[in-house]
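Chemist: Quick one, run_10.cif (mmCIF, C-alpha atoms and all ligand atoms):
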data_start
loop_
_atom_site.label_atom_id
_atom_site.label_comp_id
_atom_site.auth_asym_id
_atom_site.auth_seq_id
_atom_site.Cartn_x
_atom_site.Cartn_y
_atom_site.Cartn_z
CA MET A 1 -18.20 -9.90 10.94
CA LYS A 2 -19.22 -9.34 7.33
CA ARG A 3 -18.46 -5.64 7.74
CA LEU A 4 -15.03 -6.34 9.17
CA LEU A 5 -14.28 -8.68 6.29
CA ARG A 6 -15.34 -6.05 3.80
CA ALA A 7 -13.07 -3.52 5.52
CA LEU A 8 -10.13 -5.88 5.05
CA CYS A 9 -10.85 -6.69 1.43
CA PRO A 10 -8.62 -4.88 -1.07
CA ASP A 11 -10.21 -3.46 -4.21
CA GLU A 12 -7.51 -4.98 -6.39
CA ILE A 13 -4.63 -7.42 -5.97
CA TYR A 14 -1.42 -7.52 -7.99
CA PRO A 15 1.79 -9.51 -7.79
CA SER A 16 3.84 -6.28 -7.55
CA VAL A 17 3.69 -2.49 -7.87
CA TYR A 18 4.96 -2.88 -11.45
CA ALA A 19 1.86 -4.81 -12.53
CA ILE A 20 -0.68 -2.16 -11.48
CA ASP A 21 -2.62 -0.49 -14.31
CA TYR A 22 -1.95 3.12 -13.35
CA GLY A 23 -3.43 4.40 -16.60
CA ARG A 24 -6.77 2.88 -15.69
CA LEU A 25 -6.57 4.41 -12.21
CA TRP A 26 -5.99 7.82 -13.80
CA ARG A 27 -8.89 7.36 -16.21
CA SER A 28 -11.09 6.38 -13.25
CA GLY A 29 -10.35 9.75 -11.68
CA TYR A 30 -7.64 8.81 -9.17
CA ARG A 31 -5.00 11.51 -8.80
CA ALA A 32 -3.07 10.58 -5.66
CA LEU A 33 -1.02 7.43 -5.03
CA ILE A 34 0.10 6.59 -1.50
CA PHE A 35 2.70 3.85 -1.21
CA ASP A 36 3.73 1.75 1.74
CA ILE A 37 7.54 1.36 1.65
CA ASP A 38 8.69 -1.83 3.39
CA ASN A 39 8.00 -4.95 1.37
CA THR A 40 5.92 -2.91 -1.08
CA LEU A 41 8.67 -0.97 -2.89
CA GLY A 42 11.73 -2.66 -1.39
CA GLU A 43 12.63 -5.33 1.15
CA TRP A 44 11.54 -4.71 4.72
CA GLY A 45 14.04 -2.36 6.33
CA CYS A 46 15.82 -1.56 3.04
CA ARG A 47 18.38 1.26 3.11
CA ALA A 48 17.00 2.54 -0.19
CA VAL A 49 14.31 1.32 -2.57
CA PRO A 50 15.51 -0.45 -5.74
CA GLU A 51 16.27 1.75 -8.76
CA SER A 52 13.27 0.20 -10.57
CA ALA A 53 10.89 1.29 -7.79
CA TYR A 54 12.39 4.77 -7.75
CA ALA A 55 12.01 5.01 -11.53
CA LEU A 56 8.36 3.89 -11.33
CA VAL A 57 7.49 6.43 -8.66
CA SER A 58 9.30 9.20 -10.57
CA GLU A 59 7.42 8.34 -13.75
CA LEU A 60 4.03 8.30 -11.99
CA SER A 61 4.88 11.61 -10.45
CA SER A 62 5.80 13.17 -13.79
CA LEU A 63 2.58 11.80 -15.31
CA GLY A 64 0.68 14.02 -12.88
CA PHE A 65 -0.11 11.79 -9.92
CA ALA A 66 0.46 13.28 -6.47
CA VAL A 67 2.72 10.71 -4.79
CA GLY A 68 3.29 10.15 -1.07
CA PHE A 69 4.52 7.48 1.32
CA LEU A 70 2.98 6.16 4.50
CA SER A 71 5.14 3.94 6.71
CA ASN A 72 4.67 2.45 10.14
CA ASN A 73 8.45 2.27 10.45
CA SER A 74 10.22 4.85 12.61
CA GLY A 75 12.48 5.92 9.76
CA GLU A 76 15.44 5.89 12.13
CA ASP A 77 18.82 5.13 10.55
CA ARG A 78 17.36 5.39 7.07
CA SER A 79 18.98 8.59 5.89
CA GLN A 80 19.77 7.19 2.43
CA LEU A 81 16.11 6.25 1.90
CA LYS A 82 14.97 9.64 3.19
CA ALA A 83 17.28 11.41 0.75
CA GLN A 84 16.08 9.17 -2.08
CA LEU A 85 12.39 9.92 -1.42
CA GLY A 86 13.10 13.54 -0.52
CA SER A 87 11.01 15.03 -3.35
CA TRP A 88 7.82 13.53 -1.98
CA PRO A 89 5.95 13.69 1.35
CA VAL A 90 6.78 10.73 3.61
CA LEU A 91 5.01 10.05 6.91
CA TRP A 92 6.90 7.77 9.30
CA ARG A 93 5.27 6.16 12.36
CA ALA A 94 2.01 6.49 10.43
CA GLY A 95 0.08 4.25 12.84
CA LYS A 96 -1.71 2.30 10.11
CA PRO A 97 -4.47 1.03 10.29
CA ARG A 98 -5.47 4.11 12.28
CA VAL A 99 -6.98 6.80 10.10
CA HIS A 100 -5.00 9.88 11.12
CA GLY A 101 -1.91 9.06 9.01
CA TYR A 102 -4.05 8.75 5.88
CA LYS A 103 -5.75 12.08 6.63
CA ASN A 104 -2.39 13.78 7.17
CA ILE A 105 -0.82 12.52 3.97
CA LEU A 106 -3.96 13.48 2.01
CA THR A 107 -3.62 17.01 3.36
CA LEU A 108 0.03 17.11 2.27
CA LEU A 109 -0.95 15.80 -1.18
CA ARG A 110 -3.94 18.18 -1.40
CA ALA A 111 -6.12 15.24 -2.37
CA LYS A 112 -9.55 14.02 -1.34
CA GLU A 113 -9.89 10.45 -0.06
CA THR A 114 -12.15 9.60 -3.01
CA GLU A 115 -9.37 10.39 -5.48
CA ALA A 116 -6.60 8.58 -3.59
CA VAL A 117 -5.26 5.05 -3.81
CA MET A 118 -3.31 3.24 -1.07
CA ILE A 119 -0.88 0.60 -2.30
CA GLY A 120 0.63 -1.79 0.25
CA ASP A 121 1.52 -5.37 1.10
CA GLN A 122 -0.40 -5.89 4.34
CA LEU A 123 -4.15 -6.43 4.87
CA PHE A 124 -4.16 -5.53 8.57
CA THR A 125 -2.31 -2.23 8.21
CA ASP A 126 -2.25 -0.77 4.68
CA ILE A 127 -5.56 -2.10 3.39
CA TRP A 128 -7.66 -1.97 6.55
CA GLY A 129 -6.59 1.60 7.26
CA ALA A 130 -7.21 2.67 3.68
CA LYS A 131 -10.74 1.29 3.70
CA ARG A 132 -11.45 2.93 7.06
CA ALA A 133 -10.20 6.25 5.69
CA GLY A 134 -12.33 5.91 2.54
CA LEU A 135 -9.51 5.28 0.07
CA TYR A 136 -9.28 2.84 -2.82
CA ALA A 137 -6.96 0.04 -1.72
CA ILE A 138 -4.58 -2.11 -3.74
CA LEU A 139 -2.74 -5.08 -2.24
CA VAL A 140 0.56 -6.26 -3.68
CA ALA A 141 2.50 -9.39 -2.78
CA PRO A 142 5.42 -8.66 -0.42
CA VAL A 143 8.76 -8.02 -2.17
CA SER A 144 10.51 -10.46 0.16
CA PRO A 145 8.37 -12.34 2.72
CA ALA A 146 11.59 -13.57 4.35
CA SER A 147 12.48 -9.98 5.28
CA ASP A 148 9.12 -9.35 7.02
CA SER A 149 9.11 -7.95 10.53
CA LEU A 150 8.16 -10.45 13.24
CA TRP A 151 4.65 -8.96 13.54
CA ALA A 152 4.11 -9.11 9.81
CA LYS A 153 5.31 -12.72 9.74
CA LEU A 154 2.81 -13.60 12.46
CA ARG A 155 -0.03 -11.99 10.52
CA ARG A 156 0.70 -13.66 7.16
CA PRO A 157 -1.18 -16.93 7.84
CA ALA A 158 -4.34 -14.97 8.74
CA GLU A 159 -3.86 -12.87 5.61
CA ARG A 160 -3.57 -15.97 3.44
CA LEU A 161 -6.77 -17.33 4.96
CA LEU A 162 -8.64 -14.10 4.26
CA LEU A 163 -7.33 -13.91 0.70
CA LYS A 164 -8.56 -17.43 0.09
CA LEU A 165 -11.97 -16.40 1.45
CA PHE A 166 -12.06 -13.27 -0.70
CA SER A 167 -11.13 -15.12 -3.87
CA ARG A 168 -13.85 -17.68 -3.18
CA GLU A 169 -16.40 -14.85 -2.98
CA ASN A 170 -14.90 -13.56 -6.20
CA SER A 171 -13.98 -10.19 -4.79
CA PRO A 172 -11.70 -8.36 -5.20
CA HIS A 173 -10.53 -8.41 -8.81
CA HIS A 174 -7.34 -10.39 -9.13
CA TYR A 175 -5.04 -9.09 -11.80
CA ALA A 176 -2.44 -11.60 -12.90
CA ASP A 177 -2.46 -12.82 -9.33
CA ASP A 178 0.14 -15.48 -8.69
CA ARG A 179 -0.61 -16.31 -5.06
MG MG B 1 4.77 -3.15 4.21
#
Turn the structure described in the file into structure tokens.
Modeler:
Amino acid sequence: MKRLLRALCPDEIYPSVYAIDYGRLWRSGYRALIFDIDNTLGEWGCRAVPESAYALVSELSSLGFAVGFLSNNSGEDRSQLKAQLGSWPVLWRAGKPRVHGYKNILTLLRAKETEAVMIGDQLFTDIWGAKRAGLYAILVAPVSPASDSLWAKLRRPAERLLLKLFSRENSPHHYADDR
């Protein structure tokens, strides 16, 4: 049980992708950033990510980070989003929390798991999978909880419970956490 809890515990928690200290990640040796899309960069099911998220990802990319996207969504009917993220590798139907999607995107990014960071809004997919695959894992609050998929909505109460447990044990580090 303890081991499972540890596998679900993010290394850091932030209120949004904009609050993450990417400079510190770089100085710590991280060179690859893997983003979840839905409710991490934009609302669940968004046709395109907001301009601010696109600008952030572009900047991180030009700073030297290898950037990729890992989504459990099918990517169907999202041609605008696909065009928008076209300069970076995107894996749809990634099967998080299974490990193979993480391995595949790392191959595309030519990065080792020890130098990669997964950034996502869900403990039971993004974070669990990242920890299983040996990546550093950062949890962000969902962009719009109301837009969550049904499955995500059903998992949120369990996530809240776990986060309460984690914060009581004083791990992970909470950075300007507003939950
Ligand atoms: Mg998500």
Chemist: Residues up to 6 Å from ligand MG 1 (chain B), counting all atoms listed in the file: could you list those as number ranges by chain?
Modeler: A: 36-40, 120-122
Chemist: Please save C-alpha atoms of the selected residues as a PDB file, in the coordinates of the input.
Modeler:
ATOM      1  CA  ASP A  36       3.730   1.750   1.740  1.00  0.00           C
ATOM      2  CA  ILE A  37       7.540   1.360   1.650  1.00  0.00           C
ATOM      3  CA  ASP A  38       8.690  -1.830   3.390  1.00  0.00           C
ATOM      4  CA  ASN A  39       8.000  -4.950   1.370  1.00  0.00           C
ATOM      5  CA  THR A  40       5.920  -2.910  -1.080  1.00  0.00           C
ATOM      6  CA  GLY A 120       0.630  -1.790   0.250  1.00  0.00           C
ATOM      7  CA  ASP A 121       1.520  -5.370   1.100  1.00  0.00           C
ATOM      8  CA  GLN A 122      -0.400  -5.890   4.340  1.00  0.00           C
TER       9      GLN A 122
END
Chemist: Find the spatial neighbours of Arg110 of chain A, counting only C-alpha atoms, within a cut-off of 12 Å - ignore same-chain residues fewer than 6 positions away - and output them as an mmCIF file with C-alpha atoms, keeping the file's coordinate frame.
Modeler:
data_model
loop_
_atom_site.group_PDB
_atom_site.id
_atom_site.type_symbol
_atom_site.label_atom_id
_atom_site.label_comp_id
_atom_site.auth_asym_id
_atom_site.auth_seq_id
_atom_site.Cartn_x
_atom_site.Cartn_y
_atom_site.Cartn_z
ATOM 1 C CA ARG A 31 -5.000 11.510 -8.800
ATOM 2 C CA ALA A 32 -3.070 10.580 -5.660
ATOM 3 C CA LEU A 33 -1.020 7.430 -5.030
ATOM 4 C CA PHE A 65 -0.110 11.790 -9.920
ATOM 5 C CA ALA A 66 0.460 13.280 -6.470
ATOM 6 C CA VAL A 67 2.720 10.710 -4.790
ATOM 7 C CA GLY A 68 3.290 10.150 -1.070
ATOM 8 C CA PRO A 89 5.950 13.690 1.350
ATOM 9 C CA TYR A 102 -4.050 8.750 5.880
ATOM 10 C CA LYS A 103 -5.750 12.080 6.630
ATOM 11 C CA ASN A 104 -2.390 13.780 7.170
ATOM 12 C CA ALA A 116 -6.600 8.580 -3.590
#
Chemist: Point out the residue among A:Gly101, A:Gly129, A:Gly86, A:Gly42 with the least atom-to-atom distance to Pro142 of chain A, counting all atoms listed in the file.
Modeler: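 Using all atoms listed in the file, Pro142 of chain A sits closest to A:Gly42.
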Chemist: Mind listing as JSON, numbers by chain all residues within 10 Å of (-10.5, -0.7, 5.3), counting all atoms listed in the file?
Modeler: {"A": [3, 4, 5, 6, 7, 8, 9, 10, 11, 97, 98, 99, 123, 124, 125, 126, 127, 128, 129, 130, 131, 132, 133, 134, 135, 136, 137]}
Chemist: Check the smallest atom-to-atom distance from each of A:Tyr22, A:Ile138, A:Glu12, A:Ile119 to Leu63 of chain A using all atoms listed in the file, then report the winner.
Modeler: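 Checking each candidate against Leu63 of chain A, we get A:Tyr22 as the closest.
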Chemist: Got a sec: who's within 6 Å of Asn72 of chain A, counting all atoms listed in the file, leaving out chain neighbours fewer than 5 positions off, as a list of chain:residue names?
Modeler: A:Trp92, A:Arg93, A:Ala94, A:Gly95
Chemist: Find the spatial neighbours of Ala53 of chain A, counting only C-alpha atoms, within a cut-off of 12 Å - ignore same-chain residues fewer than 4 positions away - and output them as a PyMOL selection string.
Modeler: chain A and resi 16-19+35-43+48-49+57-60+84-85+143
